[in-house]
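Q: Pasting target-v4.cif here (mmCIF, C-alpha atoms):
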```cif
data_model
loop_
_atom_site.label_atom_id
_atom_site.label_comp_id
_atom_site.auth_asym_id
_atom_site.auth_seq_id
_atom_site.Cartn_x
_atom_site.Cartn_y
_atom_site.Cartn_z
CA MET D 359 -26.33 -5.07 -8.01
CA GLN D 360 -27.30 -4.97 -11.68
CA ARG D 361 -26.08 -8.01 -13.60
CA LEU D 362 -23.38 -7.19 -16.12
CA PRO D 363 -24.37 -7.87 -19.75
CA LEU D 364 -21.09 -9.65 -20.54
CA GLN D 365 -18.74 -11.35 -18.13
CA LEU D 366 -15.16 -10.21 -18.43
CA ARG D 367 -12.40 -12.77 -18.62
CA THR D 368 -9.38 -10.45 -18.35
CA VAL D 369 -8.90 -6.88 -17.15
CA GLN D 370 -5.66 -5.04 -17.76
CA VAL D 371 -4.91 -2.19 -15.34
CA LEU D 372 -2.55 0.60 -16.38
CA HIS D 373 -1.20 2.49 -13.38
CA GLY D 374 1.43 5.19 -13.06
CA GLY D 375 1.47 5.96 -9.35
CA ALA D 376 4.03 5.27 -6.64
CA LEU D 377 3.86 2.77 -3.78
CA GLY D 378 0.93 4.04 -1.69
CA ASP D 379 -1.26 4.83 -4.70
CA CYS D 380 -0.42 1.44 -6.16
CA VAL D 381 -1.58 -0.38 -3.01
CA LEU D 382 -4.87 1.52 -3.17
CA ALA D 383 -5.18 0.61 -6.85
CA LEU D 384 -4.65 -3.03 -5.86
CA HIS D 385 -7.64 -2.71 -3.53
CA LEU D 386 -9.66 -1.51 -6.52
CA CYS D 387 -8.35 -4.45 -8.55
CA ARG D 388 -9.72 -6.85 -5.96
CA MET D 389 -13.02 -4.99 -5.88
CA MET D 390 -13.25 -5.32 -9.68
CA HIS D 391 -12.30 -9.00 -9.47
CA GLN D 392 -15.09 -9.72 -7.00
CA SER D 393 -17.68 -7.53 -8.77
CA TRP D 394 -17.04 -8.55 -12.38
CA GLY D 395 -17.22 -12.35 -12.28
CA GLU D 396 -13.62 -12.87 -11.11
CA PRO D 397 -11.72 -11.93 -14.28
CA LYS D 398 -7.96 -12.32 -14.30
CA ILE D 399 -6.15 -9.05 -13.63
CA ALA D 400 -3.06 -8.09 -15.64
CA PHE D 401 -1.28 -5.11 -14.12
CA VAL D 402 1.17 -2.71 -15.77
CA GLY D 403 2.72 -0.14 -13.43
CA ARG D 404 5.86 1.26 -11.92
CA SER D 405 5.65 0.04 -8.33
CA SER D 406 7.10 -3.41 -7.69
CA ILE D 407 4.66 -3.98 -4.82
CA ALA D 408 2.40 -5.30 -7.58
CA GLU D 409 4.84 -8.20 -7.95
CA LEU D 410 4.15 -9.18 -4.34
CA ALA D 411 0.43 -8.90 -5.09
CA ARG D 412 0.97 -11.33 -7.96
CA GLN D 413 2.83 -13.74 -5.67
CA LEU D 414 -0.05 -13.56 -3.19
CA GLY D 415 -2.64 -14.33 -5.88
CA TRP D 416 -4.21 -10.89 -6.35
CA LEU D 417 -2.91 -10.48 -9.89
CA ALA D 418 -2.52 -12.88 -12.80
CA SER D 419 0.49 -10.99 -14.16
CA PHE D 420 2.59 -7.91 -13.54
CA LEU D 421 4.75 -5.93 -15.96
CA HIS D 422 6.99 -3.21 -14.58
CA SER D 423 7.35 0.15 -16.31
CA GLU D 424 10.51 2.00 -15.32
CA THR D 425 9.80 5.35 -16.99
CA GLY D 426 6.45 6.55 -18.25
CA PHE D 427 4.58 3.75 -19.98
CA ALA D 428 7.14 2.25 -22.30
CA ALA D 429 5.82 -1.11 -21.11
CA LEU D 430 2.56 -0.49 -22.95
CA ARG D 431 4.19 -2.10 -25.95
CA PHE D 432 3.78 -5.32 -23.99
CA ARG D 433 0.01 -4.95 -23.81
CA GLU D 434 -0.78 -8.03 -25.89
CA SER D 435 1.74 -10.19 -24.00
CA ALA D 436 0.38 -8.97 -20.67
CA LEU D 437 -3.12 -9.99 -21.60
CA SER D 438 -1.87 -13.29 -22.97
CA ALA D 439 -0.06 -14.00 -19.70
CA ALA D 440 -3.24 -13.35 -17.77
CA HIS D 441 -5.43 -15.36 -20.14
CA PRO D 442 -3.35 -17.63 -22.38
CA ASP D 443 -6.20 -19.75 -23.75
CA GLY D 444 -7.94 -17.15 -25.88
CA PRO D 445 -7.49 -14.01 -28.00
CA VAL D 446 -8.03 -10.44 -26.88
CA ASP D 447 -11.74 -9.85 -27.60
CA GLU D 448 -14.84 -8.26 -26.16
CA THR D 449 -14.42 -10.19 -22.91
CA HIS D 450 -11.29 -8.16 -22.14
CA ALA D 451 -11.21 -4.63 -20.77
CA VAL D 452 -8.56 -2.05 -19.97
CA VAL D 453 -8.81 0.14 -16.86
CA SER D 454 -6.44 3.07 -17.23
CA PHE D 455 -5.29 5.43 -14.49
CA VAL D 456 -3.10 7.24 -17.05
CA GLY D 457 -5.65 8.54 -19.54
CA ALA D 458 -6.36 7.03 -22.94
CA PRO D 459 -3.07 5.67 -24.32
CA ALA D 460 -2.57 5.51 -28.07
CA PHE D 461 -2.96 1.79 -28.63
CA PRO D 462 -2.13 0.39 -32.10
CA ASN D 463 -5.37 -1.58 -31.75
CA PRO D 464 -7.55 0.26 -29.23
CA PRO D 465 -9.32 -2.01 -26.72
CA ARG D 466 -13.04 -2.39 -27.24
CA LYS D 467 -13.63 -1.66 -23.56
CA LEU D 468 -11.50 1.18 -22.21
CA LEU D 469 -12.47 2.45 -18.75
CA LEU D 470 -10.79 5.62 -17.52
CA VAL D 471 -10.05 6.36 -13.86
CA ASP D 472 -8.88 9.82 -12.79
CA PRO D 473 -6.62 9.08 -9.79
CA ARG D 474 -7.06 12.57 -8.34
CA PRO D 475 -9.59 13.02 -5.51
CA LEU D 476 -12.74 14.98 -6.16
CA PRO D 477 -12.68 18.32 -4.30
CA GLY D 478 -14.77 18.12 -1.14
CA SER D 479 -15.70 14.45 -1.56
CA PRO D 480 -15.99 12.60 1.78
CA LEU D 481 -15.51 9.21 0.12
CA HIS D 482 -12.33 7.20 0.38
CA ILE D 483 -10.34 7.46 -2.84
CA THR D 484 -10.97 3.81 -3.78
CA ASP D 485 -14.71 4.40 -3.52
CA GLN D 486 -14.35 7.50 -5.69
CA TRP D 487 -12.59 5.35 -8.29
CA ALA D 488 -15.32 2.73 -8.03
CA ARG D 489 -17.95 5.41 -8.67
CA GLN D 490 -16.11 6.40 -11.86
CA LEU D 491 -16.27 2.81 -13.11
CA CYS D 492 -19.96 2.62 -12.25
CA ASP D 493 -20.56 5.79 -14.27
CA GLN D 494 -19.00 4.03 -17.26
CA GLY D 495 -21.33 1.06 -17.02
CA ARG D 496 -19.22 -1.31 -14.95
CA PRO D 497 -20.62 -1.37 -11.39
CA VAL D 498 -18.15 -2.04 -8.58
CA ARG D 499 -19.16 -2.78 -5.04
CA SER D 500 -17.91 0.27 -3.13
CA GLY D 501 -17.51 0.53 0.62
CA HIS D 502 -16.03 -2.97 0.63
CA HIS D 503 -12.27 -3.25 0.81
CA PRO D 504 -10.96 -6.82 0.44
CA GLN D 505 -7.88 -7.78 2.41
CA VAL D 506 -5.02 -9.97 1.29
CA GLU D 507 -5.08 -13.39 2.91
CA ILE D 508 -1.58 -14.46 3.91
CA ASP D 509 -0.85 -18.06 4.73
CA ALA D 510 0.08 -18.46 8.39
CA GLY D 511 3.23 -20.35 7.46
CA LEU D 512 4.32 -17.59 5.11
CA ARG D 513 3.75 -14.92 7.74
CA CYS D 514 5.71 -17.05 10.20
CA ASP D 515 8.60 -17.16 7.71
CA TRP D 516 8.50 -13.38 7.35
CA SER D 517 8.52 -12.98 11.12
CA ALA D 518 11.53 -15.29 11.37
CA ASP D 519 13.35 -13.29 8.69
CA LEU D 520 12.63 -10.06 10.56
CA ARG D 521 13.93 -11.46 13.83
CA ALA D 522 17.02 -12.79 12.06
CA ARG D 523 17.72 -9.33 10.64
CA VAL D 524 17.23 -7.76 14.04
CA GLY D 525 19.23 -10.43 15.86
CA ASN D 526 16.90 -10.27 18.83
CA GLY D 527 14.15 -12.80 19.42
CA ARG D 528 12.73 -11.19 22.54
CA GLY D 529 9.39 -9.40 22.68
CA ARG D 530 6.85 -8.44 20.07
CA MET D 531 8.38 -6.82 17.02
CA ALA D 532 7.46 -3.19 16.29
CA ILE D 533 8.65 -1.45 13.13
CA LEU D 534 8.68 2.34 13.05
CA HIS D 535 9.07 4.07 9.68
CA PRO D 536 9.97 7.76 10.14
CA GLY D 537 9.89 8.79 6.47
CA SER D 538 7.40 9.86 3.83
CA GLY D 539 7.42 11.21 0.30
CA GLY D 540 6.98 14.75 1.62
CA THR D 541 8.38 16.36 4.73
CA ARG D 542 5.00 18.00 5.48
CA LYS D 543 3.56 14.51 5.93
CA CYS D 544 6.21 13.50 8.46
CA CYS D 545 5.53 13.52 12.17
CA PRO D 546 8.36 15.19 14.14
CA LEU D 547 11.08 12.72 15.02
CA GLU D 548 11.39 13.63 18.71
CA PRO D 549 8.09 12.08 19.89
CA LEU D 550 8.81 8.96 17.85
CA GLU D 551 12.14 8.55 19.63
CA VAL D 552 10.33 8.78 22.97
CA LEU D 553 7.75 6.29 21.67
CA VAL D 554 10.57 3.85 20.92
CA ASP D 555 11.69 4.02 24.55
CA CYS D 556 8.12 3.58 25.79
CA LEU D 557 7.56 0.53 23.60
CA ARG D 558 10.80 -1.04 24.77
CA ALA D 559 9.83 -0.41 28.41
CA ARG D 560 6.58 -2.30 27.79
CA GLY D 561 8.23 -5.40 26.38
CA TRP D 562 8.26 -4.60 22.67
CA SER D 563 11.32 -4.92 20.44
CA PRO D 564 11.22 -1.69 18.40
CA VAL D 565 13.28 -1.17 15.25
CA TRP D 566 13.48 1.62 12.71
CA MET D 567 13.07 0.88 9.01
CA ILE D 568 14.25 3.26 6.29
CA GLY D 569 14.79 3.02 2.56
CA PRO D 570 16.50 4.83 -0.30
CA ASP D 571 14.13 7.83 -0.14
CA GLU D 572 15.13 8.69 3.43
CA VAL D 573 18.83 8.13 2.76
CA GLU D 574 18.74 10.26 -0.38
CA ARG D 575 16.88 13.12 1.30
CA ASP D 576 18.46 13.13 4.77
CA GLY D 577 21.82 11.43 4.25
CA PRO D 578 23.72 9.47 6.93
CA LYS D 579 22.83 11.91 9.70
CA LEU D 580 19.29 10.47 9.95
CA ARG D 581 20.56 6.91 10.16
CA ASP D 582 23.09 7.87 12.83
CA ARG D 583 20.44 9.64 14.88
CA LEU D 584 17.99 6.75 14.66
CA ALA D 585 20.68 4.24 15.59
CA SER D 586 21.12 5.99 18.94
CA SER D 587 17.67 4.78 20.04
CA ALA D 588 17.11 1.47 18.21
CA LEU D 589 18.45 -0.80 15.49
CA VAL D 590 18.01 0.59 11.97
CA LEU D 591 16.96 -1.69 9.13
CA PHE D 592 17.80 -0.38 5.66
CA GLU D 593 16.03 -2.10 2.78
CA GLU D 594 16.23 -1.07 -0.86
CA SER D 595 13.78 -3.65 -2.18
CA VAL D 596 10.12 -2.68 -1.81
CA VAL D 597 9.08 -6.34 -1.88
CA GLN D 598 11.59 -7.34 0.82
CA ALA D 599 10.62 -4.34 2.96
CA ALA D 600 6.98 -5.35 2.59
CA LYS D 601 7.77 -8.86 3.79
CA LEU D 602 9.62 -7.49 6.81
CA ALA D 603 6.61 -5.31 7.61
CA GLY D 604 4.35 -8.33 7.13
CA GLY D 605 6.32 -10.20 9.77
CA ALA D 606 5.98 -7.50 12.42
CA ASP D 607 3.48 -7.42 15.28
CA LEU D 608 3.09 -3.64 14.98
CA TYR D 609 3.85 -1.08 12.31
CA VAL D 610 3.99 2.64 13.10
CA GLY D 611 4.31 4.77 9.99
CA GLN D 612 3.70 8.11 8.39
CA ASP D 613 1.16 8.90 5.70
CA ALA D 614 3.38 6.96 3.30
CA GLY D 615 3.41 4.03 0.93
CA MET D 616 4.82 1.37 3.24
CA THR D 617 2.14 2.17 5.82
CA HIS D 618 -0.44 1.27 3.17
CA VAL D 619 1.45 -1.98 2.56
CA ALA D 620 1.49 -2.96 6.24
CA ALA D 621 -2.23 -2.22 6.57
CA TRP D 622 -3.03 -4.13 3.36
CA MET D 623 -1.27 -7.21 4.72
CA GLY D 624 -3.27 -7.19 7.95
CA VAL D 625 -0.51 -5.98 10.28
CA ARG D 626 -1.57 -3.94 13.29
CA THR D 627 -0.90 -0.45 11.97
CA LEU D 628 -0.75 3.00 13.50
CA ALA D 629 -0.89 5.53 10.65
CA MET D 630 0.14 9.09 11.52
CA PHE D 631 -1.67 11.82 9.58
CA GLY D 632 -1.02 15.54 9.47
CA PRO D 633 -2.11 17.74 6.53
CA THR D 634 -3.70 14.94 4.46
CA ASP D 635 -7.36 13.99 4.93
CA PRO D 636 -7.46 10.41 6.29
CA ASN D 637 -11.09 10.03 5.27
CA VAL D 638 -9.87 10.06 1.66
CA TRP D 639 -6.36 8.61 1.94
CA ARG D 640 -6.31 6.36 5.00
CA PRO D 641 -4.64 2.95 4.67
CA LEU D 642 -7.13 0.11 4.33
CA GLY D 643 -6.87 -2.87 6.64
CA ARG D 644 -8.54 -4.79 9.43
CA HIS D 645 -6.21 -3.50 12.13
CA VAL D 646 -5.56 0.13 11.26
CA ARG D 647 -5.78 3.06 13.63
CA ILE D 648 -5.35 6.63 12.47
CA ILE D 649 -3.52 8.95 14.86
CA ASP D 650 -2.99 12.68 14.43
CA PHE D 651 0.38 14.37 14.68
CA PRO D 652 1.30 15.41 18.21
CA PRO D 653 0.16 18.96 18.94
CA HIS D 654 2.79 21.68 18.75
CA ASP D 655 1.58 23.24 22.01
CA ASP D 656 2.65 20.10 23.90
CA PRO D 657 6.47 20.39 23.80
CA GLY D 658 7.06 17.03 25.45
CA ARG D 659 4.27 15.35 23.50
CA SER D 660 3.65 13.40 26.71
CA LEU D 661 -0.11 13.24 26.31
CA TRP D 662 0.17 12.16 22.67
CA ILE D 663 2.65 9.41 23.51
CA ARG D 664 0.55 8.18 26.42
CA ASN D 665 -2.53 8.00 24.18
CA VAL D 666 -0.60 6.09 21.53
CA VAL D 667 0.77 3.58 24.03
CA GLU D 668 -2.63 3.13 25.67
CA SER D 669 -4.19 2.47 22.26
CA LEU D 670 -1.96 -0.58 21.93
CA ALA D 671 -3.59 -2.11 24.99
CA SER D 672 -7.09 -1.91 23.47
#
```
As structure tokens - that is how I would like this structure written.

A:
Amino acid sequence: MQRLPLQLRTVQVLHGGALGDCVLALHLCRMMHQSWGEPKIAFVGRSSIAELARQLGWLASFLHSETGFAALRFRESALSAAHPDGPVDETHAVVSFVGAPAFPNPPRKLLLVDPRPLPGSPLHITDQWARQLCDQGRPVRSGHHPQVEIDAGLRCDWSADLRARVGNGRGRMAILHPGSGGTRKCCPLEPLEVLVDCLRARGWSPVWMIGPDEVERDGPKLRDRLASSALVLFEESVVQAAKLAGGADLYVGQDAGMTHVAAWMGVRTLAMFGPTDPNVWRPLGRHVRIIDFPPHDDPGRSLWIRNVVESLAS
């Protein structure tokens, strides 16, 4: 790789996406960190999963923006938090996923990333973003997706918290998340309910996990239906939900943000994809398997369920 003319000390990332997009942006942050001489990363965005990334050492600082980018007024303090021993100068850069904001004092190095996928591109979205940075003179090693390293003791604590919430210490813990930001990206619930029974029959302890999005969209009827087959965990906090997922032995989720979180943290993850192209949007992790939605011409979904269960034995 071509040597950069000037080593960066601090990079501020401006991001406006929701949970799943934010996790993918965190992958790019780590790629930048490893490619650009390990600068400190200051992150401004609206997903609180970045706070967990800060706790795990991926970010030097995180500032939350509730609506739009009102938090941009904190730009100088964000950079100071990431690099307190020097002024903002030519060794600092801003990587913006939200266009070119109107800074009072524009940064000397502003790199723009269009978060939208290129039509017809076979590359994963993080590699598309890396290409954009390369085109602006800041090469990033693409095709390499760093994983978060979680201390074994911390993961053990998360597992203990999950088992305490479930109230059942028997068997390997499997979390199933039936929701997604769009109904088109949701696998039908019926085969997942059968999958719960199959997992339990094979010694797993399956639980459902839902959050405010599912409750707001589907109301109490979804929770009541899920409770008929397994315990339902409801968690409003993204960070706490992420820790519960991080303590599981298996995570089965839709093409949704929390599936990206589980994969990012190294949990064995089955990610269910329907209309979205997994080559571009798949979760990144060491133990991720992509599975298609069950076919509509298989009413019982028996073959799909058998294939899913068998995949857990490999």

Q: So that I can see what lies close to Arg499 in chain D, please list as a PyMOL selection string the residues with an atom at most 12 Å from it, counting all atoms listed in the file and leaving out residues fewer than 3 positions away in the same chain.

A: chain D and resi 359-360+385-394+484-492+496+502-504

Q: Using only C-alpha atoms, determine which residues lie at most 10 Å from range 573-587 of chain D, disregarding the query and same-chain residues fewer than 6 positions distant; provide the list as a ChimeraX atom specification.

A: /D:536-537,539,541,547,550-552,554-555,564-567

Q: Could you give me, as a PyMOL selection string, the residues within 10 Å of Asp515 in chain D, counting all atoms listed in the file and dropping anything in the same chain fewer than 3 positions from it?

A: chain D and resi 509-512+518-521+601-602+604-605

Q: Written as a PyMOL selection string, which residues does the PyMOL selection byres ((chain D and resi 473-482) around 7) give for the file shown?

A: chain D and resi 455+471-472+483-486+637-639

Q: Calculated over only C-alpha atoms, which of the candidates D:Gly374, D:Gly540, D:Gly569, D:Gly501 has the smallest distance to Met616 in chain D?

A: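 Under the stated criterion, the closest residue is D:Gly569.
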
Q: Given only C-alpha atoms as the basis, pick out the residue of D:Arg542, D:Lys398, D:Arg530, D:Arg523 nearest to Gln598 in chain D.

A: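 Counting only C-alpha atoms, the residue closest to Gln598 in chain D is D:Arg523.
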
Q: Which residue is closest to Cys545 in chain D? Choose from D:Met630, D:Ile508, D:Leu670, D:Val590 and count all atoms listed in the file.

A: D:Met630

Q: Figure out the distance between CA of Gly375 in chain D and CA of Gln494 in chain D, please, to one decimal in Å.

A: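 Separation of CA of Gln494 in chain D and CA of Gly375 in chain D: 22.0 Å.
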
Q: Could you check the closest approach to Trp516 in chain D for each of D:Cys556, D:Ala629, D:Leu421, D:Ala603 and tell me which residue wins, using all atoms listed in the file?

A: D:Ala603

Q: Could you jot down the CA of Val610 in chain D to CA of Cys514 in chain D separation for me, Å, one decimal place?

A: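 Taking CA of Val610 in chain D as the start and CA of Cys514 in chain D as the end point, the length is 20.0 Å.
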
Q: From the set D:Arg412, D:Arg558, D:Arg640, D:Arg626, which residue has the shortest atom-to-atom contact distance to Ala606 in chain D, counting only C-alpha atoms?

A: D:Arg626

Q: Pick the closest to Trp622 in chain D from D:Ser419, D:Leu414, D:Cys544, D:Leu366: which is it, counting all atoms listed in the file?

A: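 Answer, going by the shortest atom-to-atom distance: D:Leu414.
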